[in-house]
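Working notes, beginning with the structure itself.
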Amino acid sequence: MSVIEARHLTRAFPMPAGPVTAVRDVSLSVPPGDFVALCGPSGCGKSTLLHLLGVVDSPSSGTLLFDGQDVAALGDTERSHIRLRKIGFVFQRFFLLPMLSAAENVELPMAEAGIARSTRTDRVRDLLSYVGLSARASHRPSQLSGGEMQRIAIARALANSPRLLLADEPTGELDQATGLQIAALLDRVNADGTALVVVTHDPEFARRARRIVTMRDGGLVGEEAAR
Amino acid sequence: MRALTFAARNLLRQPARAWLGVLGVAAVGALLFDMLLLSNGLVISMEQMLATTGFDIRAGIGGMVPGGGPLIDDAVVLADRLRALPEVADATPVRFADGLLARTPRPLGVRVMGAASAGRPAWTLLRGRDLTGAPNEALVSQRVLDVMKTHIGGTLDIRTFAQGTRTVAPAEHLTIVGVAEFPFESERGTTIGLSLAGVDRVAGGTGAERAEQFLITSADGVEPKAAKAAIERAAPALTAFTNDQLLVRMQQGGLSYFRQISFVLTTVTVGFAFLLVTVLLTVSVNQRLGEIAGLRALGFSKRRAMADVVSEAVLIVGTGAVVALPLGLGLARILDWILKSIPGIPASLHFFVFQPRALVVHLVLFALTAVAAAAYPVRLVATLPIAATLRREVVS
């Protein structure tokens with residue numbers, strides 16, 4: 001069974017001049033361990049589709065199944081629970097909390113999930129080691145470089161061992177060398193079994209995916225196996 | 001991380017703003033606390049003052065609250081009759097007048113209190129001896145002694161105004177026999193105590209023992225209400241008031257203005273606190289919309305995001321409300337001192353009196369303010385469109 005399956009998803013936004021359709025009749029299935037790169041020009045609906053797949057937005061029509069369950073039937077609490085326990089999010093702008101240390105930022109989703117403190121402490125240590133930032137555990141985001149902040153954001157996204165990791169332009173604010181480090185880290189995350197859907201403009205990054213899905217004007221216009 | 005800890009860390013991101021908010025709430029809270037102390041302070045203080053005199057009933061004629069009403073003839077005889085009632089322990093007839101003590105370069109205004117020598121004294125003797133009933137004997141307050149630069153055994157010449165007229169009576173020659181503390185005397189009060197006959201003489205009368213009112217103590221185990229009824233049965237011309245009744249009259253009269261002022265200012269200060277905290281939280285939430293959307297995308301529930309905002313309100317308002325208490329008490333002392341310097345205000349009267357009820361009301365009002373102030377920013381968080389906010393953050 002797919003981790004997530006979109007069937008004929010459409011997302012239209014009401015506008016004064018008439019509704020704008022950002023995602024049009026998209027069907028996409030992501031099996032466990034898959035790595036999908038969503039590509040396409042700016043404004044083609046990649047991020048909107050990612051938000052639909054991440055259960056932070058609701059489609060105007062169509063069906064979204066997460067682990068076979070129709071998320072349209074779920075209330076806000078259940079949707080939050082899916083996001084907390086089964087989906088990890090990596091944002092272009094990191095959204096680390098500036099008043100918390102790197103370790104506390106990573107710990108936050110686990111605390112919200114009600115995981116015991118001792119387990120959290122061990123898991124934070126492991127995750128910081130995983131992303132190569134053990135030495136930066138007590139640093140605040142303002143004391144970290146862009147690449148380090150994104151690695152902490154990835155560690156945070158992995159905190160509750162999600163089945164699906166969604167990344168929206170994770171290298172968009174980074175220089176090329178740092179972007180490559182992040183891409184390599186995400187490769188590793190996928191190799192360790194987490195399904196990955198990444199929105200990217202970077203063709204080199206996209207080629208690391210198993211499948212490259214191209215969008216234009218809200219619809220899927222092509223799919224190719226990258227490796 | 002619990003919502004309260006999270007909120008505290010959030011607030012400390014901008015410590016200057018957080019502390020300014022707390023200080024703003026504390027300043028408003030101090031005023032609110034003072035208004036609550038004022039709303040009942042005078043009544044409580046008056047109740048304590050009435051109780052400390054040792055008399056629990058006051059009786060006069062004419063159906064009015066005793067004091068300044070028509071004079072009661074043969075007051076000493078009537079006092080004996082009242083004292084003979086089983087419901088009454090003691091009855092002291094008293095009379096007041098304003099007078100002038102001869103002094104160079106100008107006379108000293110004094111309040112004259114006359115009381116019968118029989119019965120419980122209406123004043124507290126500090127030094128010397130009490131009055132024997134002789135018309136030329138006088139007790140004086142310490143301040144009179146100081147201002148007149150005299151001593152026990154010294155003499156005073158007094159003129160007073162006959163009651164109800166502006167006619168100055170002939171001067172009377174008085175001998176100071178003691179120093180006393182008089183009830184309801186102001187901080188800078190100058191009071192002298194005479195016998196009833198003495199007051200009548202200095203007021204231009206013939207030395208008759210006439211009184212304005214009786215200060216009465218009900219017998220042990222007798223309710224003041226029962227004593228009042230017995231007094232009015234025994235002397236139908238008298239109207240008696242228990243201390244509780246007097247307090248009710250005062251609350252319905254002049255003291256109600258303080259309560260109304262207190263109510264208006266309480267409402268205004270709570271309104272200020274509400275607006276201050278609402279503005280602070282709304283600005284704070286608006287600055288963090290991207291972060292909040294990010295946390296929601298990571299799986300933080302709507303309830304948790306709302307709890308964070310309410311916790312911030314509770315922290316700002318709670319800290320401010322606690323800081324407000326010592327600030328309010330300090331401010332109350334200053335305001336009390338200013339108000340008590342109004343001439344004629346009794347030294348033992350206080351406008352701001354601490355009561356546990358005021359503390360409870362203060363804390364409840366602030367708890368409600370915190371919740372109300374959080375309502376709008378909480379609504380912002382609850383209705384935050386996660387995807388649209390994330391998109392807007394990236395675009396901006």
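Just remember, in the structure tokens the first chain shown is A, the second B, etc., residues are 1-based per chain, and ligands are 1-based in the order shown.
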
**Report entry** Interface residues on chain B facing chain A, 12 Å, only C-alpha atoms, written as a ChimeraX atom specification
**Finding:** /B:1-3,5-15,288-305,382-396

For the residues selected in the previous step, produce a file with C-alpha atoms as a PDB file, in the first residue's frame.
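And here's part-v9.pdb as it stands now:
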```
ATOM      1  CA  MET B   1       7.790  21.431  26.326  1.00  0.00           C
ATOM      2  CA  ARG B   2       4.702  22.575  28.170  1.00  0.00           C
ATOM      3  CA  ALA B   3       2.697  25.495  26.829  1.00  0.00           C
ATOM      4  CA  THR B   5       7.371  27.040  29.426  1.00  0.00           C
ATOM      5  CA  PHE B   6       7.108  27.500  25.689  1.00  0.00           C
ATOM      6  CA  ALA B   7       5.251  30.796  26.183  1.00  0.00           C
ATOM      7  CA  ALA B   8       7.861  32.003  28.685  1.00  0.00           C
ATOM      8  CA  ARG B   9      10.669  31.266  26.225  1.00  0.00           C
ATOM      9  CA  ASN B  10       8.702  33.003  23.503  1.00  0.00           C
ATOM     10  CA  LEU B  11       8.198  36.105  25.611  1.00  0.00           C
ATOM     11  CA  LEU B  12      11.879  36.240  26.489  1.00  0.00           C
ATOM     12  CA  ARG B  13      12.758  36.442  22.812  1.00  0.00           C
ATOM     13  CA  GLN B  14      12.028  40.118  23.188  1.00  0.00           C
ATOM     14  CA  PRO B  15      12.621  40.732  26.880  1.00  0.00           C
ATOM     15  CA  ARG B 288       5.300  34.841  14.271  1.00  0.00           C
ATOM     16  CA  LEU B 289       2.613  33.704  11.834  1.00  0.00           C
ATOM     17  CA  GLY B 290       5.168  31.858   9.684  1.00  0.00           C
ATOM     18  CA  GLU B 291       6.612  30.079  12.683  1.00  0.00           C
ATOM     19  CA  ILE B 292       3.158  29.167  13.962  1.00  0.00           C
ATOM     20  CA  ALA B 293       2.182  27.836  10.534  1.00  0.00           C
ATOM     21  CA  GLY B 294       5.446  25.867  10.499  1.00  0.00           C
ATOM     22  CA  LEU B 295       4.684  24.340  13.893  1.00  0.00           C
ATOM     23  CA  ARG B 296       1.153  23.489  12.771  1.00  0.00           C
ATOM     24  CA  ALA B 297       2.599  21.835   9.650  1.00  0.00           C
ATOM     25  CA  LEU B 298       4.901  19.838  11.924  1.00  0.00           C
ATOM     26  CA  GLY B 299       1.849  18.525  13.729  1.00  0.00           C
ATOM     27  CA  PHE B 300       1.222  20.945  16.567  1.00  0.00           C
ATOM     28  CA  SER B 301      -2.520  20.850  17.157  1.00  0.00           C
ATOM     29  CA  LYS B 302      -4.706  23.909  16.924  1.00  0.00           C
ATOM     30  CA  ARG B 303      -5.453  23.529  20.624  1.00  0.00           C
ATOM     31  CA  ARG B 304      -1.748  23.560  21.471  1.00  0.00           C
ATOM     32  CA  ALA B 305      -1.107  26.660  19.340  1.00  0.00           C
ATOM     33  CA  ALA B 382      -7.119  29.168  15.379  1.00  0.00           C
ATOM     34  CA  THR B 383      -8.141  30.392  11.956  1.00  0.00           C
ATOM     35  CA  LEU B 384      -4.607  30.579  10.538  1.00  0.00           C
ATOM     36  CA  PRO B 385      -4.546  28.982   7.066  1.00  0.00           C
ATOM     37  CA  ILE B 386      -1.367  26.893   7.310  1.00  0.00           C
ATOM     38  CA  ALA B 387      -0.625  26.410   3.633  1.00  0.00           C
ATOM     39  CA  ALA B 388      -1.426  29.983   2.610  1.00  0.00           C
ATOM     40  CA  THR B 389       0.755  31.332   5.453  1.00  0.00           C
ATOM     41  CA  LEU B 390       3.690  29.112   4.511  1.00  0.00           C
ATOM     42  CA  ARG B 391       3.329  30.219   0.889  1.00  0.00           C
ATOM     43  CA  ARG B 392       3.157  33.879   1.904  1.00  0.00           C
ATOM     44  CA  GLU B 393       6.259  33.527   4.075  1.00  0.00           C
ATOM     45  CA  VAL B 394       8.269  32.107   1.179  1.00  0.00           C
ATOM     46  CA  VAL B 395       7.035  34.750  -1.251  1.00  0.00           C
ATOM     47  CA  SER B 396       7.749  37.577   1.222  1.00  0.00           C
TER      48      SER B 396
END
```

Considering only C-alpha atoms, return as a compact mmCIF listing (two decimals) with N, CA and C atoms, in the first residue's frame whatever protein or nucleic-acid residues lie within 10 Å of Leu280 (chain B), sequence-local ones (same chain, fewer than 2 positions apart) excluded.
```
# COMPACT_ATOMS: atom_id res chain seq x y z
N ARG B 17 10.20 44.06 25.37
CA ARG B 17 8.76 44.17 25.12
C ARG B 17 7.98 43.45 26.21
N ALA B 18 8.49 42.27 26.58
CA ALA B 18 7.78 41.49 27.60
C ALA B 18 7.72 42.25 28.92
N LEU B 20 8.13 45.48 29.40
CA LEU B 20 7.31 46.69 29.30
C LEU B 20 5.84 46.33 29.44
N GLY B 21 5.46 45.21 28.84
CA GLY B 21 4.08 44.73 28.96
C GLY B 21 3.74 44.43 30.40
N LEU B 275 -6.73 46.12 26.68
CA LEU B 275 -6.22 46.65 25.41
C LEU B 275 -4.71 46.46 25.30
N LEU B 276 -4.01 46.73 26.40
CA LEU B 276 -2.55 46.61 26.40
C LEU B 276 -2.12 45.19 26.05
N VAL B 277 -2.70 44.23 26.73
CA VAL B 277 -2.30 42.84 26.51
C VAL B 277 -2.75 42.34 25.13
N THR B 278 -3.94 42.77 24.71
CA THR B 278 -4.41 42.37 23.38
C THR B 278 -3.45 42.88 22.31
N THR B 282 -1.29 40.47 19.98
CA THR B 282 -1.62 40.50 18.56
C THR B 282 -0.37 40.81 17.73
N VAL B 283 0.40 41.78 18.20
CA VAL B 283 1.65 42.11 17.49
C VAL B 283 2.58 40.91 17.49
N SER B 284 2.71 40.28 18.67
CA SER B 284 3.60 39.13 18.80
C SER B 284 3.16 37.99 17.87
N VAL B 285 1.87 37.70 17.84
CA VAL B 285 1.38 36.60 17.00
C VAL B 285 1.57 36.95 15.53
N GLU B 312 0.86 32.87 27.10
CA GLU B 312 1.60 34.15 27.06
C GLU B 312 0.79 35.23 27.77
N ALA B 313 -0.52 35.24 27.50
CA ALA B 313 -1.39 36.24 28.16
C ALA B 313 -1.36 36.04 29.67
N ILE B 316 2.02 37.30 31.10
CA ILE B 316 2.14 38.77 31.16
C ILE B 316 1.20 39.32 32.24
N ALA B 373 -8.19 39.12 26.81
CA ALA B 373 -7.16 39.73 25.97
C ALA B 373 -6.58 38.74 24.99
N ALA B 374 -6.59 37.47 25.36
CA ALA B 374 -6.03 36.45 24.48
C ALA B 374 -7.02 36.06 23.38
N PRO B 377 -6.06 37.32 19.58
CA PRO B 377 -4.89 36.62 19.03
C PRO B 377 -5.09 35.10 18.95
```

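The list of residues with at least one atom within 9 Å of region 359-367 of chain B, based on only C-alpha atoms and without residues fewer than 6 positions apart in the same chain, reads Gly29, Leu32, Phe33, Leu36, Leu37, Val270, Ala273, Phe274, Val314, Val317, Gly318, Ala321, Val322 and Leu325 of chain B.
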
Residue selection dump (N, CA and C atoms) as a CSV table (one decimal), in the first residue's frame:
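Below is the file again.csv, written as the result:
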```csv
chain,number,residue,atom,x,y,z
B,29,GLY,N,-2.6,47.5,37.1
B,29,GLY,CA,-3.1,46.7,38.2
B,29,GLY,C,-3.0,47.3,39.5
B,32,LEU,N,-5.9,49.5,39.7
B,32,LEU,CA,-7.1,48.6,39.9
B,32,LEU,C,-7.2,48.1,41.4
B,33,PHE,N,-6.1,47.7,41.9
B,33,PHE,CA,-6.1,47.2,43.3
B,33,PHE,C,-6.5,48.3,44.3
B,36,LEU,N,-10.1,48.9,44.2
B,36,LEU,CA,-10.8,47.9,45.0
B,36,LEU,C,-10.7,48.1,46.5
B,37,LEU,N,-9.5,48.6,46.9
B,37,LEU,CA,-9.3,48.9,48.3
B,37,LEU,C,-10.2,50.1,48.7
B,270,VAL,N,-9.3,48.1,34.0
B,270,VAL,CA,-9.4,46.7,33.4
B,270,VAL,C,-9.4,46.8,31.9
B,273,ALA,N,-5.9,47.4,30.7
B,273,ALA,CA,-5.1,46.2,30.8
B,273,ALA,C,-5.5,45.3,29.6
B,274,PHE,N,-6.8,45.2,29.4
B,274,PHE,CA,-7.2,44.3,28.3
B,274,PHE,C,-6.6,44.8,26.9
B,314,VAL,N,-1.4,34.8,30.1
B,314,VAL,CA,-1.5,34.5,31.5
B,314,VAL,C,-0.1,34.9,32.2
B,317,VAL,N,-0.1,38.9,32.2
B,317,VAL,CA,-1.0,39.5,33.1
B,317,VAL,C,-0.8,39.0,34.5
B,318,GLY,N,-0.4,37.7,34.6
B,318,GLY,CA,-0.2,37.1,36.0
B,318,GLY,C,1.0,37.8,36.6
B,321,ALA,N,0.0,41.3,37.5
B,321,ALA,CA,-0.9,41.4,38.6
B,321,ALA,C,-0.2,41.2,39.9
B,322,VAL,N,0.8,40.3,40.0
B,322,VAL,CA,1.5,40.1,41.2
B,322,VAL,C,2.4,41.3,41.6
B,325,LEU,N,0.5,44.2,43.2
B,325,LEU,CA,0.1,44.2,44.6
B,325,LEU,C,0.9,45.1,45.5
```

Query raised in the report: With only C-alpha atoms as the basis for distance, which of A:Ser2, A:Ser138, A:Asn190, A:Thr214 is at the shortest distance from Gly40 (chain A)?
Result: A:Thr214

**Report entry** All strand (DSSP E) positions in region 23-120 of chain B, as a PyMOL selection string
**Finding:** chain B and resi 57-61+88-101+108-115

Requested in this report: Report the distance between CA of Ala37 (chain A) and CA of Asn105 (chain A) in Å, rounded to one decimal place.
Outcome: 26.5 Å

Report task. Step one, run DSSP on the backbone; step two, keep only residues of region 39-105 of chain B assigned to helix (DSSP H, G or I); then write them as a ChimeraX atom specification. Result -> /B:39-52,75-83

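When CA of Val309 (chain B) is paired with CA of Ser101 (chain A), their separation reads 20.9 Å.
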
Query raised in the report: If we count only C-alpha atoms, what is near Thr200 (chain A) at a cut-off of 8 Å, once residues fewer than 2 positions away on the same chain are taken out, given as number ranges by chain?
Result: A: 37-39, 168-172, 198, 202-203, 205-206

Requested in this report: Might you pull out every residue within 8 Å of Thr160 (chain B), with only C-alpha atoms counted and same-chain residues fewer than 5 positions away left off, and present them as an MDAnalysis selection string?
Outcome: chainID B and resid 97:100 168:171 202:204
